[in-house]
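Next up, target-v4.cif (mmCIF, C-alpha atoms):
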```cif
data_query
#
loop_
_atom_site.label_atom_id
_atom_site.label_comp_id
_atom_site.auth_asym_id
_atom_site.auth_seq_id
_atom_site.Cartn_x
_atom_site.Cartn_y
_atom_site.Cartn_z
CA MET U 1 -124.09 28.89 -4.25
CA PRO U 2 -124.61 26.81 -1.09
CA ALA U 3 -121.75 26.97 1.38
CA PHE U 4 -120.93 23.26 1.16
CA SER U 5 -121.68 22.56 -2.50
CA LEU U 6 -119.20 20.45 -4.42
CA PRO U 7 -117.22 22.08 -7.25
CA SER U 8 -118.40 21.32 -10.75
CA PRO U 9 -116.70 18.56 -12.80
CA VAL U 10 -115.42 21.20 -15.26
CA PHE U 11 -113.83 23.15 -12.41
CA VAL U 12 -112.20 20.01 -10.99
CA ALA U 13 -110.90 19.02 -14.42
CA ARG U 14 -109.36 22.45 -14.97
CA VAL U 15 -107.73 22.41 -11.52
CA ALA U 16 -106.36 18.90 -12.13
CA ALA U 17 -104.97 19.83 -15.56
CA THR U 18 -103.35 22.98 -14.15
CA LEU U 19 -101.77 21.02 -11.28
CA LEU U 20 -100.42 18.45 -13.74
CA LEU U 21 -98.87 21.21 -15.84
CA ALA U 22 -97.41 22.75 -12.67
CA TRP U 23 -95.95 19.42 -11.54
CA LEU U 24 -94.32 18.81 -14.93
CA ALA U 25 -92.86 22.34 -14.83
CA ALA U 26 -91.49 21.72 -11.34
CA ARG U 27 -89.84 18.48 -12.47
CA LEU U 28 -88.28 20.30 -15.42
CA CYS U 29 -86.92 23.00 -13.10
CA LEU U 30 -85.49 20.31 -10.82
CA TRP U 31 -83.68 18.82 -13.80
CA LEU U 32 -82.40 22.28 -14.79
CA HIS U 33 -81.32 23.04 -11.18
CA THR U 34 -83.19 26.34 -11.08
CA PRO U 35 -83.88 28.03 -7.73
CA LEU U 36 -87.21 27.30 -6.03
CA PRO U 37 -88.26 24.71 -8.64
CA TRP U 38 -91.50 23.79 -6.87
CA MET U 39 -92.74 27.39 -6.88
CA LEU U 40 -91.10 29.13 -9.84
CA GLY U 41 -91.70 26.28 -12.28
CA PRO U 42 -95.46 26.19 -11.66
CA LEU U 43 -95.65 29.99 -11.56
CA ILE U 44 -93.91 30.52 -14.90
CA ALA U 45 -95.63 27.63 -16.68
CA THR U 46 -99.09 28.58 -15.43
CA SER U 47 -98.54 32.24 -16.31
CA LEU U 48 -97.51 31.40 -19.88
CA ALA U 49 -100.40 28.97 -20.30
CA SER U 50 -102.89 31.52 -18.94
CA ILE U 51 -101.63 34.28 -21.22
CA ALA U 52 -101.86 31.87 -24.16
CA GLY U 53 -105.56 31.40 -23.39
CA ALA U 54 -105.48 27.98 -21.73
CA PRO U 55 -108.28 27.42 -19.18
CA THR U 56 -105.98 27.32 -16.15
CA GLN U 57 -107.63 27.21 -12.74
CA SER U 58 -106.51 27.63 -9.14
CA TRP U 59 -108.50 26.39 -6.14
CA ALA U 60 -108.55 28.75 -3.16
CA LYS U 61 -108.82 25.85 -0.69
CA LEU U 62 -105.56 24.35 -1.94
CA ARG U 63 -103.86 27.74 -1.76
CA ASN U 64 -105.05 28.13 1.84
CA ILE U 65 -103.60 24.72 2.73
CA GLY U 66 -100.36 25.73 1.05
CA GLN U 67 -100.13 28.95 3.04
CA TRP U 68 -100.92 27.05 6.26
CA THR U 69 -98.12 24.58 5.48
CA ILE U 70 -95.56 27.32 4.88
CA GLY U 71 -96.61 29.24 8.00
CA ALA U 72 -96.38 26.15 10.21
CA ALA U 73 -92.94 25.27 8.83
CA LEU U 74 -91.50 28.78 9.23
CA GLY U 75 -92.57 29.04 12.86
CA LEU U 76 -90.24 26.13 13.69
CA TYR U 77 -87.23 28.42 13.22
CA PHE U 78 -88.13 30.71 16.15
CA THR U 79 -86.19 29.04 18.95
CA PRO U 80 -85.66 31.12 22.12
CA PRO U 81 -82.12 32.25 21.09
CA VAL U 82 -83.31 33.17 17.59
CA THR U 83 -86.32 35.01 19.00
CA GLU U 84 -83.99 37.00 21.26
CA LEU U 85 -81.89 37.96 18.25
CA VAL U 86 -84.92 39.01 16.22
CA ALA U 87 -86.28 41.05 19.15
CA SER U 88 -82.97 42.90 19.39
CA LEU U 89 -83.52 44.04 15.80
CA TRP U 90 -86.71 45.96 16.63
CA TRP U 91 -85.17 49.26 15.59
CA ALA U 92 -84.12 47.86 12.20
CA ILE U 93 -87.61 46.43 11.67
CA ALA U 94 -89.11 49.83 12.56
CA LEU U 95 -86.80 51.47 10.02
CA ALA U 96 -87.85 48.92 7.41
CA ILE U 97 -91.52 49.69 8.07
CA ALA U 98 -90.93 53.42 7.65
CA TRP U 99 -88.91 52.68 4.53
CA ALA U 100 -91.74 50.58 3.04
CA LEU U 101 -94.29 53.33 3.65
CA LEU U 102 -91.99 55.97 2.14
CA LEU U 103 -91.15 53.74 -0.80
CA GLY U 104 -94.80 52.99 -1.53
CA TRP U 105 -95.68 56.67 -1.40
CA GLY U 106 -92.77 57.51 -3.70
CA PHE U 107 -93.67 54.77 -6.17
CA GLY U 108 -97.28 55.99 -6.24
CA ALA U 109 -96.18 59.60 -6.76
CA TRP U 110 -93.94 58.49 -9.63
CA LEU U 111 -96.79 56.51 -11.20
CA TYR U 112 -99.01 59.59 -10.98
CA ARG U 113 -96.38 61.74 -12.63
CA VAL U 114 -95.82 59.42 -15.60
CA GLN U 115 -99.42 58.27 -16.04
CA ALA U 116 -101.54 61.34 -15.26
CA PRO U 117 -100.90 63.16 -18.57
CA SER U 118 -102.28 60.25 -20.59
CA MET U 119 -105.05 59.10 -18.24
CA LEU U 120 -106.59 62.26 -16.78
CA GLY U 121 -109.66 63.31 -18.70
CA ARG U 122 -110.64 59.81 -19.70
CA PRO U 123 -114.20 58.77 -18.78
CA GLY U 124 -114.43 58.11 -15.05
CA MET U 125 -110.88 59.27 -14.27
CA ASP U 126 -110.57 62.61 -12.50
CA GLU U 127 -107.60 63.83 -10.47
CA ALA U 128 -108.85 62.51 -7.12
CA ARG U 129 -109.44 59.04 -8.52
CA MET U 130 -106.11 59.09 -10.31
CA ARG U 131 -104.25 59.95 -7.12
CA ALA U 132 -106.03 57.21 -5.17
CA THR U 133 -105.28 54.67 -7.91
CA THR U 134 -101.57 55.46 -8.12
CA TYR U 135 -101.18 55.67 -4.33
CA PHE U 136 -102.62 52.23 -3.60
CA ALA U 137 -100.99 50.71 -6.69
CA GLY U 138 -97.63 51.86 -5.36
CA SER U 139 -98.11 50.77 -1.73
CA ILE U 140 -95.89 47.86 -0.67
CA GLY U 141 -98.60 45.57 0.66
CA ALA U 142 -100.64 42.47 -0.09
CA ALA U 143 -102.52 42.65 -3.39
CA SER U 144 -105.98 41.70 -2.12
CA GLU U 145 -105.87 44.03 0.88
CA MET U 146 -104.52 46.98 -1.14
CA THR U 147 -107.22 46.44 -3.75
CA LEU U 148 -109.90 46.45 -1.06
CA LEU U 149 -108.55 49.67 0.47
CA ALA U 150 -108.37 51.22 -2.99
CA GLU U 151 -112.01 50.36 -3.62
CA ARG U 152 -113.03 52.22 -0.45
CA GLU U 153 -111.29 55.32 -1.78
CA HIS U 154 -112.99 54.98 -5.21
CA ALA U 155 -109.78 54.10 -7.06
CA ARG U 156 -109.53 52.00 -10.24
CA THR U 157 -109.29 48.61 -8.57
CA ASP U 158 -108.44 46.80 -11.82
CA LEU U 159 -105.30 48.90 -12.22
CA VAL U 160 -104.38 48.51 -8.56
CA ALA U 161 -104.77 44.71 -8.69
CA ALA U 162 -102.82 44.51 -11.96
CA SER U 163 -100.00 46.58 -10.47
CA HIS U 164 -99.60 44.38 -7.39
CA SER U 165 -99.89 41.13 -9.35
CA LEU U 166 -97.21 42.18 -11.83
CA ARG U 167 -94.88 43.53 -9.13
CA LEU U 168 -95.23 40.36 -7.07
CA VAL U 169 -94.43 38.04 -9.97
CA ILE U 170 -91.45 40.14 -11.14
CA VAL U 171 -89.95 40.15 -7.63
CA THR U 172 -90.73 36.47 -7.02
CA VAL U 173 -89.07 35.37 -10.25
CA THR U 174 -86.11 37.78 -10.25
CA ILE U 175 -84.81 37.68 -6.68
CA PRO U 176 -84.42 33.87 -6.25
CA PHE U 177 -82.35 33.64 -9.45
CA ALA U 178 -80.23 36.61 -8.37
CA LEU U 179 -79.69 35.15 -4.90
CA GLN U 180 -78.81 31.72 -6.21
CA TYR U 181 -76.00 33.27 -8.23
CA ALA U 182 -75.06 35.42 -5.23
CA ARG U 183 -74.61 32.23 -3.19
CA LEU U 184 -72.36 30.82 -5.90
CA ALA U 185 -70.34 34.03 -5.62
CA GLY U 186 -69.89 33.47 -1.89
CA LEU U 187 -72.72 35.52 -0.37
CA HIS U 188 -74.60 33.55 2.30
CA GLY U 189 -77.33 34.09 4.86
CA ALA U 190 -77.07 33.83 8.63
CA ALA U 191 -75.69 30.33 9.22
CA GLY U 192 -77.12 30.04 12.72
CA LEU U 193 -80.62 30.75 11.43
CA ALA U 194 -80.60 28.23 8.61
CA LEU U 195 -82.15 25.25 10.40
CA PRO U 196 -85.51 24.82 12.21
CA ALA U 197 -85.75 23.71 15.84
CA VAL U 198 -86.88 20.20 14.86
CA ARG U 199 -85.86 18.57 11.59
CA ASN U 200 -87.38 15.08 11.83
CA VAL U 201 -91.01 14.23 11.10
CA GLN U 202 -92.64 12.64 14.14
CA TRP U 203 -96.13 11.63 13.14
CA PRO U 204 -97.92 11.99 16.53
CA GLY U 205 -96.26 15.37 16.98
CA PHE U 206 -97.10 16.33 13.41
CA ALA U 207 -100.76 15.52 14.02
CA ALA U 208 -100.71 17.82 17.06
CA LEU U 209 -98.97 20.53 15.01
CA VAL U 210 -101.64 20.25 12.31
CA LEU U 211 -104.43 20.54 14.87
CA LEU U 212 -102.99 23.49 16.76
CA THR U 213 -101.84 25.52 13.77
CA GLY U 214 -105.13 24.77 12.01
CA LEU U 215 -107.01 26.21 14.97
CA GLY U 216 -104.79 29.28 14.82
CA ALA U 217 -105.54 29.74 11.12
CA LEU U 218 -109.29 29.34 11.67
CA ALA U 219 -109.16 31.90 14.49
CA MET U 220 -107.52 34.40 12.13
CA VAL U 221 -110.20 33.67 9.52
CA ARG U 222 -112.94 34.36 12.06
CA LEU U 223 -111.23 37.61 13.08
CA GLY U 224 -111.04 38.71 9.44
CA ARG U 225 -107.26 39.19 9.45
CA ALA U 226 -105.10 39.44 6.33
CA ASN U 227 -103.37 36.24 5.15
CA PRO U 228 -105.14 34.27 7.93
CA TRP U 229 -103.98 30.79 6.90
CA PHE U 230 -100.36 31.83 6.79
CA LEU U 231 -100.25 34.17 9.79
CA GLY U 232 -102.45 32.01 12.04
CA ALA U 233 -100.33 28.91 11.48
CA LEU U 234 -97.12 30.91 11.77
CA LEU U 235 -98.12 32.51 15.08
CA VAL U 236 -99.06 29.20 16.73
CA SER U 237 -95.96 27.42 15.42
CA MET U 238 -93.78 30.30 16.64
CA LEU U 239 -95.29 30.21 20.12
CA LEU U 240 -94.78 26.45 20.38
CA THR U 241 -91.14 26.74 19.29
CA MET U 242 -90.44 29.68 21.61
CA ALA U 243 -91.73 27.52 24.47
CA ASP U 244 -89.29 24.73 23.48
CA LEU U 245 -92.15 22.42 22.45
CA GLU U 246 -90.65 20.53 19.51
CA LEU U 247 -93.55 18.55 18.06
CA SER U 248 -92.44 17.66 14.55
CA ALA U 249 -91.00 18.98 11.32
CA VAL U 250 -93.26 19.46 8.29
CA PRO U 251 -92.76 16.70 5.66
CA GLN U 252 -90.74 17.89 2.67
CA GLY U 253 -93.29 16.48 0.24
CA LEU U 254 -95.98 18.64 1.80
CA MET U 255 -93.67 21.66 1.57
CA ASN U 256 -93.11 20.99 -2.14
CA ALA U 257 -96.86 20.67 -2.73
CA ALA U 258 -97.48 23.93 -0.84
CA GLN U 259 -94.98 25.79 -3.02
CA LEU U 260 -96.60 24.30 -6.13
CA VAL U 261 -100.14 25.46 -5.31
CA ILE U 262 -98.87 28.92 -4.30
CA GLY U 263 -97.04 29.20 -7.61
CA VAL U 264 -100.22 28.17 -9.45
CA SER U 265 -102.31 30.74 -7.53
CA LEU U 266 -99.94 33.48 -8.72
CA GLY U 267 -99.70 32.25 -12.30
CA VAL U 268 -103.44 32.02 -13.01
CA ARG U 269 -103.83 35.78 -12.44
CA PHE U 270 -102.24 36.44 -15.83
CA LYS U 271 -105.13 35.78 -18.15
CA ARG U 272 -104.94 36.92 -21.75
CA GLU U 273 -107.06 39.95 -20.87
CA PHE U 274 -104.40 41.00 -18.35
CA LEU U 275 -102.05 42.18 -21.11
CA HIS U 276 -104.81 44.38 -22.53
CA THR U 277 -105.31 46.18 -19.19
CA ALA U 278 -103.69 49.56 -19.93
CA PRO U 279 -100.43 48.30 -21.52
CA ARG U 280 -98.57 51.54 -20.77
CA TRP U 281 -99.63 51.28 -17.12
CA LEU U 282 -98.22 47.74 -16.90
CA ALA U 283 -95.00 48.83 -18.61
CA MET U 284 -94.50 51.64 -16.10
CA VAL U 285 -95.25 49.30 -13.18
CA ALA U 286 -92.67 46.82 -14.49
CA LEU U 287 -90.08 49.57 -14.90
CA GLY U 288 -90.86 50.97 -11.46
CA THR U 289 -90.59 47.51 -9.89
CA VAL U 290 -87.05 47.16 -11.20
CA GLY U 291 -86.27 50.51 -9.59
CA LEU U 292 -87.87 49.39 -6.32
CA MET U 293 -85.68 46.29 -6.20
CA ALA U 294 -82.58 48.38 -6.81
CA VAL U 295 -83.26 50.90 -4.03
CA CYS U 296 -84.32 48.09 -1.65
CA ALA U 297 -80.98 46.41 -2.33
CA ALA U 298 -79.22 49.64 -1.36
CA PHE U 299 -81.35 49.97 1.80
CA ALA U 300 -80.57 46.35 2.73
CA TRP U 301 -76.86 47.10 2.33
CA ALA U 302 -77.19 50.05 4.72
CA LEU U 303 -78.94 47.79 7.27
CA HIS U 304 -76.23 45.20 6.74
CA ALA U 305 -73.60 47.78 7.65
CA ALA U 306 -75.55 48.80 10.75
CA THR U 307 -76.53 45.33 12.02
CA GLY U 308 -73.81 43.02 10.74
CA LEU U 309 -76.42 40.61 9.40
CA PRO U 310 -75.91 39.17 5.90
CA TRP U 311 -76.98 41.46 3.09
CA VAL U 312 -78.85 38.71 1.25
CA THR U 313 -81.00 38.02 4.34
CA LEU U 314 -81.88 41.70 4.74
CA LEU U 315 -82.54 41.98 1.01
CA LEU U 316 -85.27 39.35 1.30
CA GLY U 317 -86.61 40.97 4.47
CA THR U 318 -86.98 44.41 2.86
CA SER U 319 -87.76 43.47 -0.77
CA PRO U 320 -91.08 44.61 -2.29
CA GLY U 321 -92.31 41.02 -2.65
CA GLY U 322 -94.98 39.02 -0.84
CA ILE U 323 -94.39 37.61 2.62
CA THR U 324 -95.06 33.99 1.65
CA GLU U 325 -92.89 34.08 -1.45
CA MET U 326 -89.93 35.80 0.24
CA ALA U 327 -90.13 33.46 3.24
CA ILE U 328 -90.13 30.43 0.94
CA THR U 329 -87.06 31.84 -0.82
CA ALA U 330 -85.30 32.27 2.52
CA LYS U 331 -86.18 28.73 3.59
CA VAL U 332 -85.18 26.97 0.38
CA LEU U 333 -81.93 28.91 -0.05
CA GLN U 334 -81.21 28.90 3.74
CA LEU U 335 -80.89 32.66 4.04
CA GLY U 336 -82.03 33.43 7.58
CA VAL U 337 -85.71 32.49 7.72
CA PRO U 338 -86.60 34.08 11.11
CA VAL U 339 -85.15 37.48 10.21
CA VAL U 340 -86.84 37.53 6.79
CA THR U 341 -90.16 36.39 8.28
CA ALA U 342 -90.04 38.92 11.12
CA PHE U 343 -89.30 41.82 8.76
CA GLN U 344 -91.99 40.80 6.28
CA VAL U 345 -94.70 40.05 8.89
CA CYS U 346 -94.17 43.31 10.78
CA ARG U 347 -94.18 45.26 7.54
CA LEU U 348 -97.39 43.61 6.36
CA ILE U 349 -99.22 44.39 9.60
CA ALA U 350 -97.93 47.98 9.75
CA VAL U 351 -98.77 48.73 6.12
CA LEU U 352 -102.30 47.36 6.50
CA LEU U 353 -102.85 49.54 9.57
CA LEU U 354 -101.16 52.73 8.35
CA VAL U 355 -101.45 52.98 4.57
CA ALA U 356 -105.12 54.11 4.50
CA PRO U 357 -104.81 56.72 7.31
CA LEU U 358 -101.64 58.03 5.65
CA TYR U 359 -103.51 58.42 2.36
CA ARG U 360 -106.30 60.37 4.03
CA TRP U 361 -103.78 62.61 5.78
CA LEU U 362 -101.98 63.29 2.50
CA ARG U 363 -105.31 64.02 0.78
CA GLN U 364 -106.36 66.48 3.48
CA ARG U 365 -102.96 68.14 3.41
CA SER U 366 -103.16 68.45 -0.38
CA GLY U 367 -106.67 69.89 -0.07
CA ARG U 368 -105.52 72.57 2.35
CA SER U 369 -102.66 73.44 0.04
#
```

Can you turn what I pasted into structure tokens?
Amino acid sequence: MPAFSLPSPVFVARVAATLLLAWLAARLCLWLHTPLPWMLGPLIATSLASIAGAPTQSWAKLRNIGQWTIGAALGLYFTPPVTELVASLWWAIALAIAWALLLGWGFGAWLYRVQAPSMLGRPGMDEARMRATTYFAGSIGAASEMTLLAEREHARTDLVAASHSLRLVIVTVTIPFALQYARLAGLHGAAGLALPAVRNVQWPGFAALVLLTGLGALAMVRLGRANPWFLGALLVSMLLTMADLELSAVPQGLMNAAQLVIGVSLGVRFKREFLHTAPRWLAMVALGTVGLMAVCAAFAWALHAATGLPWVTLLLGTSPGGITEMAITAKVLQLGVPVVTAFQVCRLIAVLLLVAPLYRWLRQRSGRS
């Protein structure tokens, strides 16, 4: 297909119908006062429609714009005092990175233990491939990047992708509801980190913010980095805020639209065929994800005792969810956006750099044994 060809009318119609469904679901969630209505409503509605066989469709370009919007908005929280606080937490972030690597390895080892008896010996599934599949399926990282790394190690990429998609949706749906009720019970995030540096939309400044963060995102795309639209916009917005350059806030309507398209991009993964992809595998991933959330909650409580930061903030920062989704949760529920973002960004980068070398080291060590 030519690089600049227009999408087909059928594709556009499916995208439009899916967005309409997502918008109606968001309005319903607003009426019901559910947490994160602009993301969870579209996610749940699109998932159910996709599983039912409806021709739902997400457009990658809209998702990229949504990730850019969220990244640009989150960077506005990193004022110099907040940046100093986050920098002082380097040791806690390092612990969280080590925890994520250990947790991913443990989840993968557990998946191997419960799945190997029923899957080893099937066509195309030997022990080496099984170990690679369970290891990368258990790693706490971005779905697309973990699937790519798994492919390089000859793992079952369909199972790896299914594992990360299911884990991400379970965490994204469960934690916001739990935290909303936690807030009603009196648990709150870091009050001083709840507001961005600039809260008013100033259109000339917003135009400059769009230009600069857009250039940052495009630079990340050219460099081939993970989550380029989110991380590129976030990095530029952070640097501007750290330098006390307050250009403009991001319009709330644009933030709502960004959450909607991100929710749609998650929901369309759950096609009807998804449920037929090794049902026992999906059941074990779902069960394991519940366990991951429980142990992450305990780890966040230990960090809370050591740092004095609110437990709910650290829970989002160390949860096994996606960086964009957890950062949106922190922003909407006002639970310490900079801390959550710093924990999640550092973990993402570290996992992408370390998870493959760690796998090869474990494989060589197992071979020597």

Quiz item: Which residue out of U:Leu287, U:Ala13, U:Leu254, U:Val340 has the minimum interatomic distance to U:Glu325 when all atoms listed in the file are used?
Solution: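 Comparing U:Leu287, U:Ala13, U:Leu254, U:Val340 against U:Glu325, the winner is U:Val340.
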
Practice problem: Work out how far apart atom CA of U:Thr147 and atom CA of U:Arg129 are and give it in Å to one decimal. | Solution: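 Interatomic distance here is 13.7 Å.
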
Exercise. List the residues selected by the PyMOL selection byres ((chain U and resi 32-45) around 6) in the file shown, writing them as number ranges by chain.
Key: U: 22, 25-26, 29-31, 46-48, 256, 259-260, 263-264, 267

Quiz item: Of the residues U:Ala178, U:Met220, U:Val285, U:Val114, which is the one nearest to U:Val160, using all atoms listed in the file?
Solution: U:Val285

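Distance annotation: of U:Leu266, U:Ala60, U:Leu240, U:Ala94, the residue with the minimal separation from U:Ile170 is U:Leu266; atom set is all atoms listed in the file.
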
Could you list, as a compact mmCIF listing (two decimals) with C-alpha atoms, keeping the file's coordinate frame, every residue within 10 Å of U:Gln115, counting only C-alpha atoms and ignoring same-chain residues fewer than 5 positions away?
```
# COMPACT_ATOMS: atom_id res chain seq x y z
CA ALA U 109 -96.18 59.60 -6.76
CA TRP U 110 -93.94 58.49 -9.63
CA LEU U 120 -106.59 62.26 -16.78
CA MET U 130 -106.11 59.09 -10.31
CA THR U 134 -101.57 55.46 -8.12
CA ARG U 280 -98.57 51.54 -20.77
CA TRP U 281 -99.63 51.28 -17.12
CA MET U 284 -94.50 51.64 -16.10
```

Exercise. Report as a list in words the full result of the PyMOL selection byres ((chain U and resi 14) around 10) when it is applied to this structure.
Key: Pro9, Val10, Phe11, Val12, Ala13, Val15, Ala16, Ala17, Thr18, Leu19, Leu20, Ala54, Pro55, Thr56, Gln57, Ser58 and Trp59 of chain U

Quiz prompt | Close residues, U:Gly214 itself excluded, 9 Å, only C-alpha atoms, min 4 positions apart in chain, as a ChimeraX atom specification | solution = /U:68,209-210,218-219,229,232-233,236
